[in-house]
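Chemist: For reference, the structure I am asking about is given below.
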Amino acid sequence: MTKVIFGNHSAVRVPRTERDSIRKFYCYVLDCKLTREFNDKDDIQIGDNFYIAFLYGDGNGQGADKGVNYSPESTLSKDDFLKSIFLELKTDNVNEMRQRIVSYGVKVLNVPDPHLYFQAPGGQVFRLVEINEDLSKHERNV
């Protein structure tokens, strides 16, 4: 049986007006670390090995990770808020799990990234990655 676990990367689409509050809460209240910042994105490390990207509503995210475009042109409507977080789903067999997910009939998102991005029932968006894949390039400026 193919194994699946949650990964240590996540992304949340939020209004730009929340940037200062987000930084203060995560960095000062929770003592997390701002690892990277762009015009339309902040990457924050929570604990030893969890990373969350805050994607601010009025950019395209392309400068952040060399072509990865997460951010919308405007903030989400209430109906779209279910899609506000991108979760990372790790598997020990990407090809088999990709086939199972796509065969189920989920909505596959067109994201310029080699990973499968899909919207699960309920609206949550997942990125499918290999359990042992090195994703450290998304954690810090190197």
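Every chain in the structure tokens takes a letter, A first, then B, and so on in the order presented; its residues are numbered from 1, and the ligands are numbered from 1 following the presented order.
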Write out as a list in words each polymer residue whose atoms come within 12 Å of A:Gln99, counting only C-alpha atoms; drop sequence neighbours fewer than 5 positions from it.

Modeler: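 Returned residues: Thr2, Asn93, Val94, Tyr104, Gly105, Val106, Val108, Leu116 and Leu128 of chain A.
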
Chemist: Could you give me, as a PDB file with C-alpha atoms, in the first residue's frame, the residues within 9 Å of A:Asp31, counting only C-alpha atoms and dropping anything in the same chain fewer than 4 positions from it?

Modeler:
ATOM      1  CA  PHE A  25       1.899  37.605  15.290  1.00  0.00           C
ATOM      2  CA  TYR A  26       4.130  34.877  13.857  1.00  0.00           C
ATOM      3  CA  CYS A  27       7.522  36.499  14.463  1.00  0.00           C
ATOM      4  CA  ILE A  46       7.423  27.641  12.504  1.00  0.00           C
ATOM      5  CA  GLY A  47       9.333  25.415  14.889  1.00  0.00           C
TER       6      GLY A  47
END

Chemist: Give me, as a PDB file with C-alpha atoms, in the first residue's frame, all polymer residues having an atom no more than 9 Å from A:Ala53, counting only C-alpha atoms and skipping those fewer than 3 positions away in the same chain.

Modeler:
ATOM      1  CA  HIS A   9       5.368  23.268   3.665  1.00  0.00           C
ATOM      2  CA  SER A  10       2.128  25.178   3.394  1.00  0.00           C
ATOM      3  CA  ALA A  11       0.896  28.356   1.714  1.00  0.00           C
ATOM      4  CA  VAL A  12      -1.948  30.690   2.604  1.00  0.00           C
ATOM      5  CA  ARG A  13      -3.431  33.415   0.383  1.00  0.00           C
ATOM      6  CA  LYS A  41       5.175  36.713  -0.334  1.00  0.00           C
ATOM      7  CA  ASP A  42       6.655  36.057   3.119  1.00  0.00           C
ATOM      8  CA  ASP A  43       8.107  32.668   4.108  1.00  0.00           C
ATOM      9  CA  ILE A  44       7.980  31.975   7.837  1.00  0.00           C
ATOM     10  CA  GLN A  45       9.547  29.033   9.685  1.00  0.00           C
TER      11      GLN A  45
END

Chemist: For A:Val129, which residue among A:Met97, A:Val102, A:Val111, A:Ile52 is the nearest when counting only C-alpha atoms?

Modeler: A:Met97

Chemist: So which residues touch A:Ile131 within 10 Å, counting only C-alpha atoms, skipping near sequence neighbours fewer than 4 positions away, as a list in words?

Modeler: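 With the cut-off at 10 Å, the set is Lys3, Val4, Ile5, Phe6, Gly7, Leu89, Lys90, Thr91, Asp92, Asn93 and Val94 of chain A.
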
Chemist: Please produce a file of the residues just selected, as an mmCIF file, in the first residue's frame, where the atoms kept are C-alpha atoms.

Modeler:
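Contents of part37.cif, as written:
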data_model
loop_
_atom_site.group_PDB
_atom_site.id
_atom_site.type_symbol
_atom_site.label_atom_id
_atom_site.label_comp_id
_atom_site.auth_asym_id
_atom_site.auth_seq_id
_atom_site.Cartn_x
_atom_site.Cartn_y
_atom_site.Cartn_z
ATOM 1 C CA LYS A 3 2.110 5.628 2.121
ATOM 2 C CA VAL A 4 0.959 9.275 2.359
ATOM 3 C CA ILE A 5 1.867 11.897 5.005
ATOM 4 C CA PHE A 6 1.518 15.668 5.375
ATOM 5 C CA GLY A 7 4.592 17.615 4.349
ATOM 6 C CA LEU A 89 1.062 15.914 0.793
ATOM 7 C CA LYS A 90 4.036 13.555 0.790
ATOM 8 C CA THR A 91 4.047 10.035 -0.619
ATOM 9 C CA ASP A 92 6.555 7.247 -1.093
ATOM 10 C CA ASN A 93 5.255 6.630 -4.634
ATOM 11 C CA VAL A 94 4.448 9.884 -6.462
#

Chemist: For each of A:Arg16, A:Gly123, A:Lys33, A:Phe38, take the minimum atom-to-atom distance to A:Tyr56, counting only C-alpha atoms, then give the residue where this is smallest.

Modeler: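 That would be A:Arg16, the residue with the smallest distance to A:Tyr56.
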
Chemist: With only C-alpha atoms as the basis for distance, which of A:Val125, A:Ala120, A:Leu109, A:Leu135 is at the shortest distance from A:Leu87?

Modeler: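 When distances to A:Leu87 are compared using only C-alpha atoms, the smallest one comes from A:Val125.
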